[in-house]
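Structure data follow from model.json (JSON, C-alpha atoms):
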[["chain", "number", "residue", "atom", "x", "y", "z"],
["A", 1, "MET", "CA", 143.07, 134.80, 137.11],
["A", 2, "PRO", "CA", 146.02, 136.63, 135.62],
["A", 3, "GLN", "CA", 147.91, 138.91, 137.95],
["A", 4, "THR", "CA", 148.19, 141.70, 135.34],
["A", 5, "GLU", "CA", 145.94, 143.17, 132.64],
["A", 6, "LEU", "CA", 148.33, 142.25, 129.82],
["A", 7, "ILE", "CA", 149.14, 138.57, 129.95],
["A", 8, "ALA", "CA", 152.67, 137.72, 128.81],
["A", 9, "GLU", "CA", 153.29, 134.41, 127.11],
["A", 10, "ASP", "CA", 155.45, 133.25, 130.03],
["A", 11, "HIS", "CA", 152.78, 134.09, 132.62],
["A", 12, "PRO", "CA", 151.96, 130.99, 134.71],
["A", 13, "CYS", "CA", 149.05, 129.01, 133.29],
["A", 14, "PHE", "CA", 146.45, 127.58, 135.65],
["A", 15, "PRO", "CA", 143.57, 126.28, 133.52],
["A", 16, "ILE", "CA", 140.26, 126.08, 135.36],
["A", 17, "ASN", "CA", 138.41, 123.60, 133.14],
["A", 18, "PRO", "CA", 139.06, 120.52, 130.95],
["A", 19, "TYR", "CA", 139.15, 122.64, 127.78],
["A", 20, "GLY", "CA", 141.95, 124.84, 129.12],
["A", 21, "ARG", "CA", 143.84, 121.89, 130.61],
["A", 22, "THR", "CA", 143.71, 120.10, 127.24],
["A", 23, "LYS", "CA", 145.12, 123.13, 125.44],
["A", 24, "LEU", "CA", 147.97, 123.41, 127.96],
["A", 25, "MET", "CA", 148.62, 119.67, 127.66],
["A", 26, "VAL", "CA", 149.01, 119.98, 123.88],
["A", 27, "GLU", "CA", 151.51, 122.83, 124.37],
["A", 28, "SER", "CA", 153.46, 120.59, 126.74],
["A", 29, "ILE", "CA", 153.46, 117.71, 124.24],
["A", 30, "LEU", "CA", 154.66, 120.03, 121.46],
["A", 31, "SER", "CA", 157.44, 121.29, 123.72],
["A", 32, "ASP", "CA", 158.47, 117.69, 124.44],
["A", 33, "TYR", "CA", 158.56, 116.89, 120.71],
["A", 34, "ASP", "CA", 160.68, 119.97, 120.10],
["A", 35, "ALA", "CA", 163.17, 118.86, 122.77],
["A", 36, "ALA", "CA", 163.23, 115.24, 121.59],
["A", 37, "TYR", "CA", 162.98, 115.55, 117.81],
["A", 38, "GLY", "CA", 163.47, 119.22, 116.92],
["A", 39, "LEU", "CA", 159.87, 119.56, 115.71],
["A", 40, "LYS", "CA", 159.09, 123.29, 115.81],
["A", 41, "SER", "CA", 155.62, 124.63, 116.51],
["A", 42, "CYS", "CA", 153.81, 127.86, 117.19],
["A", 43, "CYS", "CA", 151.04, 127.82, 119.79],
["A", 44, "LEU", "CA", 148.48, 130.54, 119.13],
["A", 45, "ARG", "CA", 146.43, 131.18, 122.25],
["A", 46, "TYR", "CA", 143.24, 132.72, 120.90],
["A", 47, "PHE", "CA", 141.17, 134.95, 123.07],
["A", 48, "ASN", "CA", 137.64, 135.59, 121.70],
["A", 49, "ALA", "CA", 137.79, 135.76, 117.92],
["A", 50, "SER", "CA", 135.24, 137.96, 116.25],
["A", 51, "GLY", "CA", 134.50, 139.93, 113.11],
["A", 52, "ASN", "CA", 134.56, 139.34, 109.37],
["A", 53, "ASP", "CA", 137.34, 139.82, 106.89],
["A", 54, "PRO", "CA", 137.76, 143.53, 106.02],
["A", 55, "ASP", "CA", 137.29, 142.97, 102.27],
["A", 56, "SER", "CA", 134.13, 140.86, 102.72],
["A", 57, "LYS", "CA", 135.62, 138.11, 100.57],
["A", 58, "ILE", "CA", 134.82, 135.54, 103.21],
["A", 59, "HIS", "CA", 131.34, 136.00, 104.61],
["A", 60, "SER", "CA", 130.44, 135.09, 108.15],
["A", 61, "LEU", "CA", 127.72, 132.53, 108.57],
["A", 62, "PHE", "CA", 125.86, 134.21, 111.43],
["A", 63, "ALA", "CA", 123.17, 131.54, 111.57],
["A", 64, "GLN", "CA", 125.76, 128.92, 112.46],
["A", 65, "GLN", "CA", 127.76, 130.96, 114.96],
["A", 66, "LYS", "CA", 127.14, 130.80, 118.67],
["A", 67, "ASN", "CA", 129.63, 133.46, 119.75],
["A", 68, "ARG", "CA", 128.47, 136.54, 121.61],
["A", 69, "ILE", "CA", 128.62, 139.17, 118.87],
["A", 70, "PRO", "CA", 126.88, 137.09, 116.16],
["A", 71, "LEU", "CA", 124.19, 136.18, 118.71],
["A", 72, "ILE", "CA", 123.54, 139.89, 119.31],
["A", 73, "PHE", "CA", 123.06, 140.48, 115.58],
["A", 74, "GLN", "CA", 120.91, 137.35, 115.23],
["A", 75, "SER", "CA", 118.70, 138.73, 117.98],
["A", 76, "LEU", "CA", 118.43, 142.06, 116.15],
["A", 77, "SER", "CA", 117.58, 140.50, 112.80],
["A", 78, "ALA", "CA", 115.03, 138.08, 114.29],
["A", 79, "LYS", "CA", 113.65, 140.79, 116.61],
["A", 80, "THR", "CA", 113.88, 138.38, 119.53],
["A", 81, "PRO", "CA", 115.12, 139.08, 123.05],
["A", 82, "LEU", "CA", 118.77, 138.47, 123.79],
["A", 83, "THR", "CA", 119.46, 136.40, 126.89],
["A", 84, "ILE", "CA", 122.42, 137.30, 129.07],
["A", 85, "TYR", "CA", 123.66, 134.29, 130.99],
["A", 86, "GLY", "CA", 125.33, 135.41, 134.19],
["A", 87, "THR", "CA", 124.62, 138.79, 135.72],
["A", 88, "ASP", "CA", 126.27, 138.32, 139.09],
["A", 89, "TYR", "CA", 129.96, 138.43, 138.15],
["A", 90, "PRO", "CA", 132.21, 140.67, 140.28],
["A", 91, "THR", "CA", 132.33, 143.31, 137.52],
["A", 92, "LYS", "CA", 130.98, 146.85, 137.35],
["A", 93, "ASP", "CA", 127.82, 145.75, 135.49],
["A", 94, "GLY", "CA", 127.63, 142.16, 136.73],
["A", 95, "THR", "CA", 128.32, 140.54, 133.35],
["A", 96, "CYS", "CA", 131.44, 138.62, 132.39],
["A", 97, "ILE", "CA", 134.33, 140.35, 130.69],
["A", 98, "ARG", "CA", 136.11, 138.97, 127.62],
["A", 99, "ASP", "CA", 139.06, 140.14, 125.55],
["A", 100, "TYR", "CA", 138.31, 140.08, 121.81],
["A", 101, "ILE", "CA", 140.56, 139.86, 118.77],
["A", 102, "HIS", "CA", 139.56, 140.46, 115.15],
["A", 103, "VAL", "CA", 139.76, 137.51, 112.76],
["A", 104, "ALA", "CA", 142.01, 139.49, 110.39],
["A", 105, "ASP", "CA", 144.50, 139.93, 113.24],
["A", 106, "LEU", "CA", 144.33, 136.19, 113.89],
["A", 107, "ALA", "CA", 145.10, 135.46, 110.25],
["A", 108, "GLU", "CA", 148.11, 137.78, 110.43],
["A", 109, "ALA", "CA", 149.27, 136.05, 113.63],
["A", 110, "HIS", "CA", 149.19, 132.70, 111.82],
["A", 111, "LEU", "CA", 151.46, 134.09, 109.11],
["A", 112, "GLN", "CA", 153.84, 135.63, 111.65],
["A", 113, "GLY", "CA", 154.00, 132.40, 113.65],
["A", 114, "LEU", "CA", 154.89, 130.42, 110.53],
["A", 115, "GLU", "CA", 157.45, 133.06, 109.55],
["A", 116, "ARG", "CA", 159.10, 132.79, 112.97],
["A", 117, "ILE", "CA", 159.40, 129.02, 112.66],
["A", 118, "LEU", "CA", 160.81, 129.28, 109.13],
["A", 119, "SER", "CA", 163.20, 132.20, 109.74],
["A", 120, "LYS", "CA", 164.45, 131.46, 113.25],
["A", 121, "ASN", "CA", 163.84, 127.71, 113.45],
["A", 122, "GLU", "CA", 162.36, 128.06, 116.91],
["A", 123, "SER", "CA", 159.09, 127.24, 118.58],
["A", 124, "CYS", "CA", 156.92, 130.02, 119.95],
["A", 125, "SER", "CA", 153.69, 130.79, 121.79],
["A", 126, "TYR", "CA", 151.57, 133.91, 121.40],
["A", 127, "ASN", "CA", 148.63, 135.18, 123.43],
["A", 128, "LEU", "CA", 146.23, 136.64, 120.87],
["A", 129, "GLY", "CA", 144.03, 139.23, 122.52],
["A", 130, "ASN", "CA", 144.10, 143.01, 122.56],
["A", 131, "GLY", "CA", 144.79, 143.52, 126.25],
["A", 132, "HIS", "CA", 141.42, 145.08, 127.07],
["A", 133, "GLY", "CA", 138.27, 143.30, 128.12],
["A", 134, "TYR", "CA", 134.67, 144.28, 127.47],
["A", 135, "SER", "CA", 131.65, 143.12, 129.45],
["A", 136, "VAL", "CA", 128.63, 141.54, 127.79],
["A", 137, "LYS", "CA", 126.61, 144.69, 128.49],
["A", 138, "GLU", "CA", 129.36, 146.92, 127.04],
["A", 139, "VAL", "CA", 129.35, 144.89, 123.82],
["A", 140, "ILE", "CA", 125.55, 145.09, 123.60],
["A", 141, "ASP", "CA", 125.68, 148.85, 124.22],
["A", 142, "ALA", "CA", 128.29, 149.25, 121.46],
["A", 143, "VAL", "CA", 126.06, 147.38, 119.00],
["A", 144, "LYS", "CA", 123.10, 149.58, 120.01],
["A", 145, "LYS", "CA", 125.17, 152.72, 119.49],
["A", 146, "ILE", "CA", 126.54, 151.63, 116.10],
["A", 147, "THR", "CA", 123.23, 150.37, 114.70],
["A", 148, "GLY", "CA", 120.90, 152.84, 116.38],
["A", 149, "LEU", "CA", 118.60, 149.92, 117.16],
["A", 150, "LYS", "CA", 117.15, 148.75, 120.45],
["A", 151, "ILE", "CA", 118.04, 145.33, 121.75],
["A", 152, "LYS", "CA", 115.66, 143.70, 124.19],
["A", 153, "VAL", "CA", 117.68, 141.89, 126.85],
["A", 154, "THR", "CA", 116.42, 139.23, 129.25]]

What would you get if you wrote out this structure as structure tokens?
Amino acid sequence: MPQTELIAEDHPCFPINPYGRTKLMVESILSDYDAAYGLKSCCLRYFNASGNDPDSKIHSLFAQQKNRIPLIFQSLSAKTPLTIYGTDYPTKDGTCIRDYIHVADLAEAHLQGLERILSKNESCSYNLGNGHGYSVKEVIDAVKKITGLKIKVT
């Protein structure tokens, strides 16, 4: 676990699963290629991406998404109960906490990462979250408040 709420890019990384270890390994390989061949890269460390584009030019395909927020809306539209997996986390409501970032902010980060490589000819890494986590129950409550609809949770 990070030792601070905001996680700086140079904060020590200790992945806890194969997915995280693989991502860190790729960063290490890119760093090696930079040192050996001058190949510049920008590692964008996504937190939990969510949302649609603000102009609705690119529509989300909710039926194909398995992320938390689309699943909440799928449950609402299908009028089926929403299952919360994990209610015994050491958090105030027992559900896990995640930091979210909007997809439009991710798109902007891609452009800024490319710009940094092109303008400064240097590699970079960016943590892409907002610095504040929300529990599963907090996200569900926010959807209830915004929509005015009830969500049955199991």

(request) For each of A:Glu122, A:Glu9, A:Asp32, A:Glu138, take the minimum atom-to-atom distance to Ile97 in chain A, counting only C-alpha atoms, then give the residue where this is smallest. (result) A:Glu138

(message) Distance cut-off 10 Å, centre (152.2, 135.2, 128.1) in file coordinates, counting all atoms listed in the file: which residues qualify? Return them as an MDAnalysis selection string.
(response) chainID A and resid 2 6:13 45 125:128

(message) Please list as a ChimeraX atom specification every residue within 12 Å of Ile72 in chain A, counting only C-alpha atoms and excluding residues in the same chain fewer than 5 positions away.
(response) /A:62-63,65-67,77-84,136-144,147,149-153

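Here CA of Ser50 in chain A stands at a distance of 9.6 Å from CA of Leu106 in chain A.
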
(message) Just checking: using only C-alpha atoms, which residue out of A:Ala104, A:Leu76, A:Leu111, A:Ile69 ends up closest to Leu44 in chain A?
(response) A:Leu111

(request) For Ser135 in chain A, list every protein, DNA or RNA residue within 8 Å, evaluated using all atoms listed in the file, and leave out those in the same chain fewer than 5 positions away; present the list as a VMD selection string. (result) chain A and resid 93 95 to 98

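Distances to Leu118 in chain A were evaluated for A:Asn17, A:Ser28, A:Ser41, A:Ser56 using all atoms listed in the file, and the minimum falls at A:Ser41.
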
(message) Let me make sure I understand: among A:Thr87, A:Thr154, A:Gln74, A:Asn52, which one has the smallest atom-to-atom distance to Val103 in chain A if we use all atoms listed in the file?
(response) A:Asn52

(message) What does the structure give for the distance between CA of Asp88 in chain A and CA of Pro15 in chain A, in Å to one decimal?
(response) 21.8 Å

Generate N, CA and C atoms for range 111-143 of chain A and emit them as an mmCIF file, in the frame of the given file.
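New file rebuild12.cif:
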data_model
loop_
_atom_site.group_PDB
_atom_site.id
_atom_site.type_symbol
_atom_site.label_atom_id
_atom_site.label_comp_id
_atom_site.auth_asym_id
_atom_site.auth_seq_id
_atom_site.Cartn_x
_atom_site.Cartn_y
_atom_site.Cartn_z
ATOM 1 N N LEU A 111 150.345 133.859 110.044
ATOM 2 C CA LEU A 111 151.460 134.090 109.110
ATOM 3 C C LEU A 111 152.742 134.417 109.859
ATOM 4 N N GLN A 112 152.643 135.264 110.880
ATOM 5 C CA GLN A 112 153.840 135.630 111.650
ATOM 6 C C GLN A 112 154.395 134.444 112.424
ATOM 7 N N GLY A 113 153.534 133.599 112.948
ATOM 8 C CA GLY A 113 154.000 132.400 113.650
ATOM 9 C C GLY A 113 154.756 131.470 112.713
ATOM 10 N N LEU A 114 154.216 131.257 111.524
ATOM 11 C CA LEU A 114 154.890 130.420 110.530
ATOM 12 C C LEU A 114 156.223 131.047 110.131
ATOM 13 N N GLU A 115 156.220 132.348 109.923
ATOM 14 C CA GLU A 115 157.450 133.060 109.550
ATOM 15 C C GLU A 115 158.524 132.888 110.628
ATOM 16 N N ARG A 116 158.121 132.947 111.881
ATOM 17 C CA ARG A 116 159.100 132.790 112.970
ATOM 18 C C ARG A 116 159.708 131.388 112.947
ATOM 19 N N ILE A 117 158.875 130.391 112.735
ATOM 20 C CA ILE A 117 159.400 129.020 112.660
ATOM 21 C C ILE A 117 160.372 128.890 111.494
ATOM 22 N N LEU A 118 159.988 129.426 110.333
ATOM 23 C CA LEU A 118 160.810 129.280 109.130
ATOM 24 C C LEU A 118 162.099 130.103 109.204
ATOM 25 N N SER A 119 162.019 131.319 109.745
ATOM 26 C CA SER A 119 163.200 132.200 109.740
ATOM 27 C C SER A 119 164.144 131.958 110.906
ATOM 28 N N LYS A 120 163.604 131.610 112.061
ATOM 29 C CA LYS A 120 164.450 131.460 113.250
ATOM 30 C C LYS A 120 164.580 130.014 113.711
ATOM 31 N N ASN A 121 163.824 129.122 113.072
ATOM 32 C CA ASN A 121 163.840 127.710 113.450
ATOM 33 C C ASN A 121 163.660 127.526 114.950
ATOM 34 N N GLU A 122 162.647 128.214 115.480
ATOM 35 C CA GLU A 122 162.360 128.060 116.910
ATOM 36 C C GLU A 122 160.865 128.006 117.140
ATOM 37 N N SER A 123 160.497 127.317 118.192
ATOM 38 C CA SER A 123 159.090 127.240 118.580
ATOM 39 C C SER A 123 158.689 128.531 119.286
ATOM 40 N N CYS A 124 157.392 128.791 119.316
ATOM 41 C CA CYS A 124 156.920 130.020 119.950
ATOM 42 C C CYS A 124 155.489 129.832 120.444
ATOM 43 N N SER A 125 155.080 130.723 121.310
ATOM 44 C CA SER A 125 153.690 130.790 121.790
ATOM 45 C C SER A 125 153.293 132.255 121.803
ATOM 46 N N TYR A 126 152.071 132.542 121.385
ATOM 47 C CA TYR A 126 151.570 133.910 121.400
ATOM 48 C C TYR A 126 150.172 133.954 121.996
ATOM 49 N N ASN A 127 149.967 134.884 122.923
ATOM 50 C CA ASN A 127 148.630 135.180 123.430
ATOM 51 C C ASN A 127 147.999 136.156 122.446
ATOM 52 N N LEU A 128 146.841 135.824 121.916
ATOM 53 C CA LEU A 128 146.230 136.640 120.870
ATOM 54 C C LEU A 128 144.943 137.298 121.367
ATOM 55 N N GLY A 129 145.124 138.385 122.064
ATOM 56 C CA GLY A 129 144.030 139.230 122.520
ATOM 57 C C GLY A 129 144.468 140.664 122.287
ATOM 58 N N ASN A 130 143.681 141.614 122.749
ATOM 59 C CA ASN A 130 144.100 143.010 122.560
ATOM 60 C C ASN A 130 144.473 143.685 123.867
ATOM 61 N N GLY A 131 144.367 142.968 124.973
ATOM 62 C CA GLY A 131 144.790 143.520 126.250
ATOM 63 C C GLY A 131 143.719 144.333 126.965
ATOM 64 N N HIS A 132 142.502 144.345 126.416
ATOM 65 C CA HIS A 132 141.420 145.080 127.070
ATOM 66 C C HIS A 132 140.142 144.250 126.978
ATOM 67 N N GLY A 133 139.499 144.066 128.099
ATOM 68 C CA GLY A 133 138.270 143.300 128.120
ATOM 69 C C GLY A 133 137.029 144.171 128.073
ATOM 70 N N TYR A 134 135.960 143.603 127.544
ATOM 71 C CA TYR A 134 134.670 144.280 127.470
ATOM 72 C C TYR A 134 133.615 143.357 128.069
ATOM 73 N N SER A 135 132.722 143.920 128.859
ATOM 74 C CA SER A 135 131.650 143.120 129.450
ATOM 75 C C SER A 135 130.577 142.846 128.400
ATOM 76 N N VAL A 136 129.743 141.866 128.689
ATOM 77 C CA VAL A 136 128.630 141.540 127.790
ATOM 78 C C VAL A 136 127.773 142.783 127.566
ATOM 79 N N LYS A 137 127.455 143.494 128.635
ATOM 80 C CA LYS A 137 126.610 144.690 128.490
ATOM 81 C C LYS A 137 127.316 145.781 127.688
ATOM 82 N N GLU A 138 128.626 145.917 127.833
ATOM 83 C CA GLU A 138 129.360 146.920 127.040
ATOM 84 C C GLU A 138 129.316 146.577 125.551
ATOM 85 N N VAL A 139 129.421 145.299 125.217
ATOM 86 C CA VAL A 139 129.350 144.890 123.820
ATOM 87 C C VAL A 139 127.952 145.157 123.265
ATOM 88 N N ILE A 140 126.929 144.824 124.031
ATOM 89 C CA ILE A 140 125.550 145.090 123.600
ATOM 90 C C ILE A 140 125.336 146.585 123.407
ATOM 91 N N ASP A 141 125.816 147.397 124.339
ATOM 92 C CA ASP A 141 125.680 148.850 124.220
ATOM 93 C C ASP A 141 126.400 149.384 122.987
ATOM 94 N N ALA A 142 127.554 148.817 122.659
ATOM 95 C CA ALA A 142 128.290 149.250 121.460
ATOM 96 C C ALA A 142 127.497 148.929 120.201
ATOM 97 N N VAL A 143 126.875 147.748 120.157
ATOM 98 C CA VAL A 143 126.060 147.380 119.000
ATOM 99 C C VAL A 143 124.856 148.317 118.892
#
